[in-house]
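Coordinates from query.txt are shown below (compact mmCIF, C-alpha atoms).
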# COMPACT_ATOMS: atom_id res chain seq x y z
CA MET A 1 -76.38 38.21 44.92
CA ASN A 2 -77.61 37.29 48.39
CA TYR A 3 -74.34 37.29 50.30
CA SER A 4 -75.99 36.21 53.55
CA ALA A 5 -77.34 33.05 51.90
CA VAL A 6 -73.93 32.25 50.42
CA ILE A 7 -72.22 32.73 53.81
CA ASN A 8 -74.85 30.60 55.57
CA GLN A 9 -74.42 27.88 52.96
CA ALA A 10 -70.63 27.91 53.43
CA VAL A 11 -70.97 27.77 57.22
CA SER A 12 -73.43 24.88 56.97
CA PHE A 13 -71.15 22.97 54.61
CA ILE A 14 -68.11 23.44 56.86
CA SER A 15 -70.09 22.41 59.95
CA ASN A 16 -71.44 19.27 58.29
CA SER A 17 -68.01 18.39 56.97
CA TYR A 18 -66.53 18.74 60.46
CA GLU A 19 -69.19 16.46 61.97
CA THR A 20 -68.62 13.86 59.26
CA ARG A 21 -64.88 13.89 59.84
CA LYS A 22 -65.44 13.62 63.59
CA LYS A 23 -67.68 10.55 63.19
CA LEU A 24 -65.20 8.99 60.80
CA ALA A 25 -62.33 9.54 63.24
CA GLU A 26 -64.35 7.99 66.08
CA SER A 27 -65.17 4.97 63.89
CA LEU A 28 -61.51 4.43 63.04
CA ALA A 29 -60.23 4.97 66.59
CA GLY A 30 -59.94 1.21 67.09
CA LEU A 31 -57.17 1.08 64.50
CA ARG A 32 -54.93 3.40 66.50
CA ASN A 33 -52.99 0.57 68.15
CA LYS A 34 -53.65 -2.11 65.57
CA ASN A 35 -50.65 -4.21 64.47
CA LEU A 36 -50.86 -4.13 60.68
CA LEU A 37 -48.42 -7.04 60.32
CA GLU A 38 -51.30 -9.32 61.29
CA PHE A 39 -52.69 -8.95 57.78
CA ASN A 40 -49.66 -10.79 56.31
CA SER A 41 -49.59 -8.59 53.21
CA SER A 42 -46.55 -8.19 51.00
CA ASP A 43 -47.80 -4.74 49.94
CA LEU A 44 -48.36 -3.49 53.47
CA GLN A 45 -45.01 -2.22 54.77
CA GLU A 46 -46.24 -0.25 57.77
CA GLU A 47 -46.41 -1.89 61.20
CA LYS A 48 -48.81 0.65 62.69
CA PHE A 49 -50.79 3.71 61.71
CA ILE A 50 -49.31 5.80 64.50
CA PHE A 51 -45.71 5.90 65.71
CA PRO A 52 -44.73 7.86 68.82
CA VAL A 53 -41.88 10.29 68.31
CA ALA A 54 -39.39 10.87 71.09
CA SER A 55 -38.75 14.51 71.92
CA LYS A 56 -35.23 15.73 71.21
CA PRO A 57 -33.86 19.28 71.38
CA LEU A 58 -32.82 20.81 68.08
CA ASN A 59 -29.14 21.67 67.90
CA CYS A 60 -28.45 21.60 64.20
CA LYS A 61 -28.70 23.25 60.82
CA VAL A 62 -31.68 22.28 58.67
CA ALA A 63 -31.95 23.21 55.01
CA GLY A 64 -34.61 22.74 52.36
CA SER A 65 -35.35 23.57 48.75
CA ASP A 66 -38.57 24.01 46.81
CA SER A 67 -39.76 25.59 43.60
CA GLY A 68 -42.71 26.75 41.58
CA PHE A 69 -43.15 27.36 37.90
CA VAL A 70 -45.38 28.94 35.30
CA ALA A 71 -45.43 27.73 31.70
CA LYS A 72 -46.73 29.53 28.63
CA ASN A 73 -47.00 28.27 25.07
CA LEU A 74 -46.23 31.12 22.70
CA HIS A 75 -46.34 31.21 18.91
CA SER A 76 -42.84 29.88 18.24
CA VAL A 77 -41.42 29.18 21.68
CA ASP A 78 -42.34 27.52 24.96
CA LEU A 79 -41.55 29.66 27.99
CA VAL A 80 -41.10 28.21 31.48
CA LEU A 81 -40.50 30.49 34.46
CA VAL A 82 -39.04 28.61 37.43
CA ARG A 83 -38.47 30.09 40.86
CA ALA A 84 -36.37 27.74 42.98
CA VAL A 85 -35.49 28.83 46.51
CA GLY A 86 -33.61 27.38 49.45
CA ALA A 87 -33.52 28.15 53.15
CA MET A 88 -31.15 27.20 55.96
CA LEU A 89 -32.34 27.40 59.56
CA GLU A 90 -29.95 27.01 62.48
CA TYR A 91 -31.32 25.90 65.85
CA LYS A 92 -29.82 25.86 69.32
CA GLN A 93 -31.82 24.28 72.14
CA ASN A 94 -34.97 24.42 70.00
CA LYS A 95 -34.53 28.13 69.31
CA LEU A 96 -33.95 29.57 65.87
CA ILE A 97 -30.73 31.57 66.02
CA SER A 98 -30.10 32.30 62.35
CA SER A 99 -31.56 31.90 58.86
CA LYS A 100 -30.09 32.12 55.38
CA TYR A 101 -31.71 32.02 51.96
CA LEU A 102 -30.65 31.09 48.44
CA PRO A 103 -30.33 32.71 46.03
CA ASN A 104 -31.60 35.48 48.35
CA PHE A 105 -34.65 36.41 50.40
CA TYR A 106 -36.36 37.88 47.32
CA SER A 107 -35.52 36.33 43.97
CA LEU A 108 -36.97 36.53 40.48
CA PRO A 109 -37.88 33.40 38.51
CA MET A 110 -35.44 32.09 35.93
CA PRO A 111 -36.71 31.88 32.33
CA HIS A 112 -36.22 28.72 30.28
CA LEU A 113 -36.93 28.81 26.56
CA ASN A 114 -37.61 25.87 24.31
CA THR A 115 -37.66 26.65 20.62
CA GLY A 116 -38.05 23.04 19.46
CA SER A 117 -41.32 21.39 18.61
CA LEU A 118 -42.37 19.08 21.43
CA ASP A 119 -45.40 16.86 21.67
CA SER A 120 -47.69 17.49 24.62
CA ASP A 121 -46.31 14.59 26.70
CA GLU A 122 -42.70 15.64 26.12
CA LEU A 123 -43.56 19.24 26.89
CA GLU A 124 -44.98 18.26 30.29
CA SER A 125 -41.96 16.05 31.01
CA SER A 126 -39.57 18.81 30.03
CA ARG A 127 -41.24 21.30 32.37
CA SER A 128 -41.10 18.85 35.27
CA LEU A 129 -37.45 18.04 34.59
CA ILE A 130 -36.50 21.73 34.46
CA ARG A 131 -38.17 22.33 37.82
CA LEU A 132 -36.49 19.30 39.42
CA SER A 133 -33.12 20.34 38.05
CA GLU A 134 -33.44 23.80 39.60
CA GLU A 135 -34.44 22.31 42.97
CA LEU A 136 -31.47 19.92 42.99
CA SER A 137 -29.14 22.75 42.06
CA ILE A 138 -30.37 24.84 44.99
CA ALA A 139 -30.09 21.86 47.36
CA GLY A 140 -26.48 21.31 46.29
CA GLN A 141 -25.65 24.97 46.89
CA LEU A 142 -27.23 24.81 50.34
CA ILE A 143 -25.13 21.81 51.35
CA LYS A 144 -21.90 23.26 49.95
CA GLN A 145 -22.33 26.70 51.47
CA PHE A 146 -23.96 26.06 54.85
CA LYS A 147 -23.05 22.43 55.71
CA PRO A 148 -26.43 21.50 57.24
CA GLU A 149 -26.99 18.22 59.04
CA TYR A 150 -30.30 17.70 57.20
CA CYS A 151 -31.58 18.81 53.83
CA PHE A 152 -35.24 18.47 52.85
CA LEU A 153 -36.29 17.98 49.24
CA ASP A 154 -39.78 18.55 47.90
CA GLY A 155 -40.80 15.06 46.82
CA SER A 156 -38.82 11.86 46.66
CA ILE A 157 -35.03 11.72 46.96
CA ILE A 158 -34.91 9.36 43.99
CA PRO A 159 -36.12 9.98 40.42
CA GLN A 160 -39.69 8.86 39.85
CA TYR A 161 -40.86 6.77 36.93
CA MET A 162 -43.49 9.36 36.05
CA ASP A 163 -40.71 11.90 35.40
CA LYS A 164 -39.08 9.67 32.78
CA PRO A 165 -39.85 10.84 29.25
CA ARG A 166 -40.21 8.55 26.27
CA ALA A 167 -37.02 6.89 25.04
CA ASN A 168 -35.12 8.72 22.29
CA GLY A 169 -37.33 11.77 22.73
CA VAL A 170 -36.18 15.37 22.85
CA ALA A 171 -36.53 15.47 26.65
CA SER A 172 -34.54 12.24 27.11
CA GLU A 173 -31.19 14.03 27.20
CA ARG A 174 -32.46 16.39 29.88
CA TYR A 175 -33.61 13.38 31.92
CA HIS A 176 -30.18 11.74 31.84
CA LYS A 177 -28.60 15.01 32.97
CA LEU A 178 -31.06 15.04 35.84
CA LEU A 179 -29.94 11.54 36.86
CA ASP A 180 -26.36 12.83 36.97
CA GLN A 181 -27.53 15.67 39.21
CA PHE A 182 -29.14 13.23 41.61
CA GLN A 183 -25.93 11.17 41.74
CA SER A 184 -23.82 14.27 42.36
CA LEU A 185 -26.17 15.37 45.16
CA TYR A 186 -25.90 11.92 46.80
CA GLU A 187 -22.12 12.10 46.74
CA LEU A 188 -22.09 15.66 48.04
CA SER A 189 -24.44 14.88 50.92
CA SER A 190 -22.44 11.79 51.83
CA ASP A 191 -19.15 13.71 51.85
CA SER A 192 -20.75 16.50 53.89
CA ASN A 193 -22.46 14.16 56.40
CA CYS A 194 -25.80 15.65 55.43
CA LYS A 195 -28.92 13.48 55.47
CA LEU A 196 -31.30 13.95 52.54
CA ILE A 197 -34.97 13.76 53.50
CA GLY A 198 -37.75 13.59 50.92
CA CYS A 199 -41.06 15.29 51.75
CA VAL A 200 -43.88 13.52 49.94
CA GLU A 201 -47.23 15.19 50.47
CA ASP A 202 -50.32 13.08 51.01
CA SER A 203 -52.79 15.77 51.99
CA ARG A 204 -55.81 13.61 51.12
CA GLY A 205 -54.56 10.53 52.93
CA SER A 206 -54.35 8.35 49.82
CA ARG A 207 -51.99 5.84 51.46
CA PHE A 208 -54.25 5.56 54.50
CA ARG A 209 -57.28 5.10 52.26
CA THR A 210 -55.47 2.44 50.22
CA ILE A 211 -54.71 0.43 53.38
CA LEU A 212 -58.35 0.60 54.43
CA GLN A 213 -59.74 -0.36 51.03
CA GLU A 214 -57.26 -3.07 50.05
CA GLU A 215 -56.17 -4.59 53.36
CA ILE A 216 -58.48 -3.85 56.28
CA TYR A 217 -61.82 -3.53 54.49
CA PRO A 218 -61.80 -6.94 52.76
CA LYS A 219 -60.41 -8.77 55.80
CA LYS A 220 -62.19 -7.09 58.70
CA LYS A 221 -65.66 -6.37 57.26
CA LEU A 222 -65.25 -2.63 57.18
CA SER A 223 -68.33 -1.12 55.53
CA VAL A 224 -67.98 2.28 53.93
CA GLN A 225 -70.74 4.49 52.54
CA LYS A 226 -68.87 6.60 50.01
CA ASN A 227 -71.53 9.29 49.59
CA SER A 228 -71.92 10.05 53.27
CA MET A 229 -68.30 9.19 54.19
CA VAL A 230 -69.55 7.22 57.24
CA CYS A 231 -67.63 4.10 58.31
CA MET A 232 -68.81 1.29 60.54
CA ILE A 233 -66.07 -0.97 61.87
CA HIS A 234 -66.51 -4.21 63.71
CA PRO A 235 -64.55 -4.40 66.99
CA PHE A 236 -61.00 -5.72 66.60

As structure tokens:
Amino acid sequence: MNYSAVINQAVSFISNSYETRKKLAESLAGLRNKNLLEFNSSDLQEEKFIFPVASKPLNCKVAGSDSGFVAKNLHSVDLVLVRAVGAMLEYKQNKLISSKYLPNFYSLPMPHLNTGSLDSDELESSRSLIRLSEELSIAGQLIKQFKPEYCFLDGSIIPQYMDKPRANGVASERYHKLLDQFQSLYELSSDSNCKLIGCVEDSRGSRFRTILQEEIYPKKKLSVQKNSMVCMIHPF
């Protein structure tokens, strides 16, 4: 293998990608201060693309939970290993003064066994529900034990339709238990004066792309060459 050729190819690809992104950003610069309410769209909830954030010193406790899982289909059982963790960070005048972790700094994943026969769709739903349940459990423990002012959850703070299994299926009972967990977490956070904040990742800018394609592009003659990722925008 010619490693030098592979490295040169990677460098060239990264360089070209950077230049493309730079040109795209320059083309879209005119949208920075655009008032999106001018499009009169019922689907477009944002007023602007960019919102300034006022600086404020951190003097609070901030907690968050997240998880990961590995699933394996064995001969007569489905095994799901879930590692759910939580962290509490305490700040004073923007400085981190203490940190705590649940269940601890190093923790082993928890095994979940399913000996019933599940169809592929129910198996995927069951895995997702198990992971969510573990995350909610950790979040509840964080709030009870450390009383943070804010608690971050990985994903939405409400159950999503995609997590709902088929009615009367094997995973349906697990789903209804999950709804009870959400309700209990809402009540706990309210009683503890803790704000729940959902962190929804959009690393590929799908929402931004949707606004361009469905709102701005058809109404403002935005031309996009998908292969080269170059945009030409008429002045606003």

All residues 7 Å or closer to range 143-153 of chain A, all atoms listed in the file, same chain fewer than 6 positions away omitted, as an MDAnalysis selection string: chainID A and resid 60:66 189 192:199

Enumerate, in order of chain and increasing residue number, the residues of range 117-210 of chain A with an atom no farther than 9 Å from range 75-82 of chain A, each with its shortest atom pair and distance in Å to one decimal, counting all atoms listed in the file, as JSON lines.
{"residue": "A:Ser117", "atom": "CA", "partner": "A:Val77", "partner_atom": "CA", "distance": 8.4}
{"residue": "A:Leu123", "atom": "CA", "partner": "A:Asp78", "partner_atom": "CA", "distance": 8.6}
{"residue": "A:Arg127", "atom": "CA", "partner": "A:Val80", "partner_atom": "CA", "distance": 7.0}
{"residue": "A:Ile130", "atom": "CA", "partner": "A:Val82", "partner_atom": "CA", "distance": 7.9}
{"residue": "A:Arg131", "atom": "CA", "partner": "A:Val82", "partner_atom": "CA", "distance": 6.4}
{"residue": "A:Glu134", "atom": "CA", "partner": "A:Val82", "partner_atom": "CA", "distance": 7.7}

Taking 6 positions as the minimum chain separation for residues in the same chain, which residues sit within 9 Å of Gly140 in chain A when counting only C-alpha atoms? Answer as a list in words.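 Final neighbour list, sorted by chain and number: Ser184, Leu185, Leu188 and Ser189 of chain A.
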
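The residue that comes closest to Leu74 in chain A, out of A:Ser98, A:Asn114, A:Ser125, A:Gln183 and on the basis of all atoms listed in the file, is A:Asn114.
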
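In terms of minimum interatomic distance to Asn33 in chain A, A:Ile50 ranks closest within A:Ala10, A:Leu108, A:Met88, A:Ile50, counting all atoms listed in the file.
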
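With all atoms listed in the file as the atoms that count, the residue of A:Glu124, A:Thr20, A:Ser27, A:Tyr3 with the shortest distance to Lys72 in chain A is A:Glu124.
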
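Going from CA of Ile97 in chain A to CA of Glu201 in chain A covers 28.0 Å.
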
Go ahead and compute the interatomic distance for CA of Ser67 in chain A and CA of Leu132 in chain A, in Å to one decimal. 8.2 Å

Just want the 12 Å neighbourhood of Leu44 in chain A, counted on all atoms listed in the file, with same-chain residues fewer than 6 positions away dropped. Output as a PDB file with C-alpha atoms, in the frame of the given file.
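Writing done, so here's out.pdb:
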ATOM      1  CA  ASN A  35     -50.650  -4.210  64.470  1.00  0.00           C
ATOM      2  CA  LEU A  36     -50.860  -4.130  60.680  1.00  0.00           C
ATOM      3  CA  LEU A  37     -48.420  -7.040  60.320  1.00  0.00           C
ATOM      4  CA  GLU A  38     -51.300  -9.320  61.290  1.00  0.00           C
ATOM      5  CA  ARG A 207     -51.990   5.840  51.460  1.00  0.00           C
ATOM      6  CA  PHE A 208     -54.250   5.560  54.500  1.00  0.00           C
ATOM      7  CA  THR A 210     -55.470   2.440  50.220  1.00  0.00           C
ATOM      8  CA  ILE A 211     -54.710   0.430  53.380  1.00  0.00           C
ATOM      9  CA  LEU A 212     -58.350   0.600  54.430  1.00  0.00           C
ATOM     10  CA  GLU A 214     -57.260  -3.070  50.050  1.00  0.00           C
ATOM     11  CA  GLU A 215     -56.170  -4.590  53.360  1.00  0.00           C
ATOM     12  CA  ILE A 216     -58.480  -3.850  56.280  1.00  0.00           C
TER      13      ILE A 216
END

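Of note, CA of Gln45 in chain A and CA of Tyr186 in chain A are spaced 25.1 Å apart.
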
Identify which of the residues A:Phe105, A:Tyr161, A:Tyr175, A:Phe49 lies closest to Arg209 in chain A, counting only C-alpha atoms when measuring atom-to-atom distances.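 Checking each candidate against Arg209 in chain A, we get A:Phe49 as the closest.
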
Complete range 155-166 of chain A with N, CA, C and O atoms (output as an mmCIF file, in the coordinates of the input).
data_model
loop_
_atom_site.group_PDB
_atom_site.id
_atom_site.type_symbol
_atom_site.label_atom_id
_atom_site.label_comp_id
_atom_site.auth_asym_id
_atom_site.auth_seq_id
_atom_site.Cartn_x
_atom_site.Cartn_y
_atom_site.Cartn_z
ATOM 1 N N GLY A 155 -40.588 16.286 47.572
ATOM 2 C CA GLY A 155 -40.800 15.060 46.820
ATOM 3 C C GLY A 155 -39.818 13.984 47.222
ATOM 4 O O GLY A 155 -39.166 14.057 48.267
ATOM 5 N N SER A 156 -39.688 12.993 46.370
ATOM 6 C CA SER A 156 -38.820 11.860 46.660
ATOM 7 C C SER A 156 -37.348 12.227 46.457
ATOM 8 O O SER A 156 -37.018 13.142 45.703
ATOM 9 N N ILE A 157 -36.467 11.491 47.135
ATOM 10 C CA ILE A 157 -35.030 11.720 46.960
ATOM 11 C C ILE A 157 -34.467 10.840 45.845
ATOM 12 O O ILE A 157 -33.264 10.811 45.637
ATOM 13 N N ILE A 158 -35.333 10.132 45.149
ATOM 14 C CA ILE A 158 -34.910 9.360 43.990
ATOM 15 C C ILE A 158 -35.808 9.743 42.813
ATOM 16 O O ILE A 158 -36.952 10.144 42.991
ATOM 17 N N PRO A 159 -35.292 9.641 41.584
ATOM 18 C CA PRO A 159 -36.120 9.980 40.420
ATOM 19 C C PRO A 159 -37.324 9.056 40.330
ATOM 20 O O PRO A 159 -37.230 7.860 40.584
ATOM 21 N N GLN A 160 -38.460 9.631 39.968
ATOM 22 C CA GLN A 160 -39.690 8.860 39.850
ATOM 23 C C GLN A 160 -39.937 8.434 38.407
ATOM 24 O O GLN A 160 -39.554 9.125 37.465
ATOM 25 N N TYR A 161 -40.594 7.290 38.265
ATOM 26 C CA TYR A 161 -40.860 6.770 36.930
ATOM 27 C C TYR A 161 -41.720 7.729 36.106
ATOM 28 O O TYR A 161 -41.551 7.842 34.889
ATOM 29 N N MET A 162 -42.608 8.450 36.779
ATOM 30 C CA MET A 162 -43.490 9.360 36.050
ATOM 31 C C MET A 162 -42.721 10.533 35.438
ATOM 32 O O MET A 162 -43.230 11.191 34.517
ATOM 33 N N ASP A 163 -41.517 10.812 35.957
ATOM 34 C CA ASP A 163 -40.710 11.900 35.400
ATOM 35 C C ASP A 163 -39.924 11.466 34.169
ATOM 36 O O ASP A 163 -39.360 12.314 33.476
ATOM 37 N N LYS A 164 -39.881 10.163 33.894
ATOM 38 C CA LYS A 164 -39.080 9.670 32.780
ATOM 39 C C LYS A 164 -39.813 9.887 31.465
ATOM 40 O O LYS A 164 -40.920 9.395 31.267
ATOM 41 N N PRO A 165 -39.206 10.628 30.541
ATOM 42 C CA PRO A 165 -39.850 10.840 29.250
ATOM 43 C C PRO A 165 -39.691 9.620 28.354
ATOM 44 O O PRO A 165 -39.002 8.664 28.700
ATOM 45 N N ARG A 166 -40.325 9.654 27.224
ATOM 46 C CA ARG A 166 -40.210 8.550 26.270
ATOM 47 C C ARG A 166 -38.773 8.402 25.774
ATOM 48 O O ARG A 166 -38.025 9.382 25.690
#
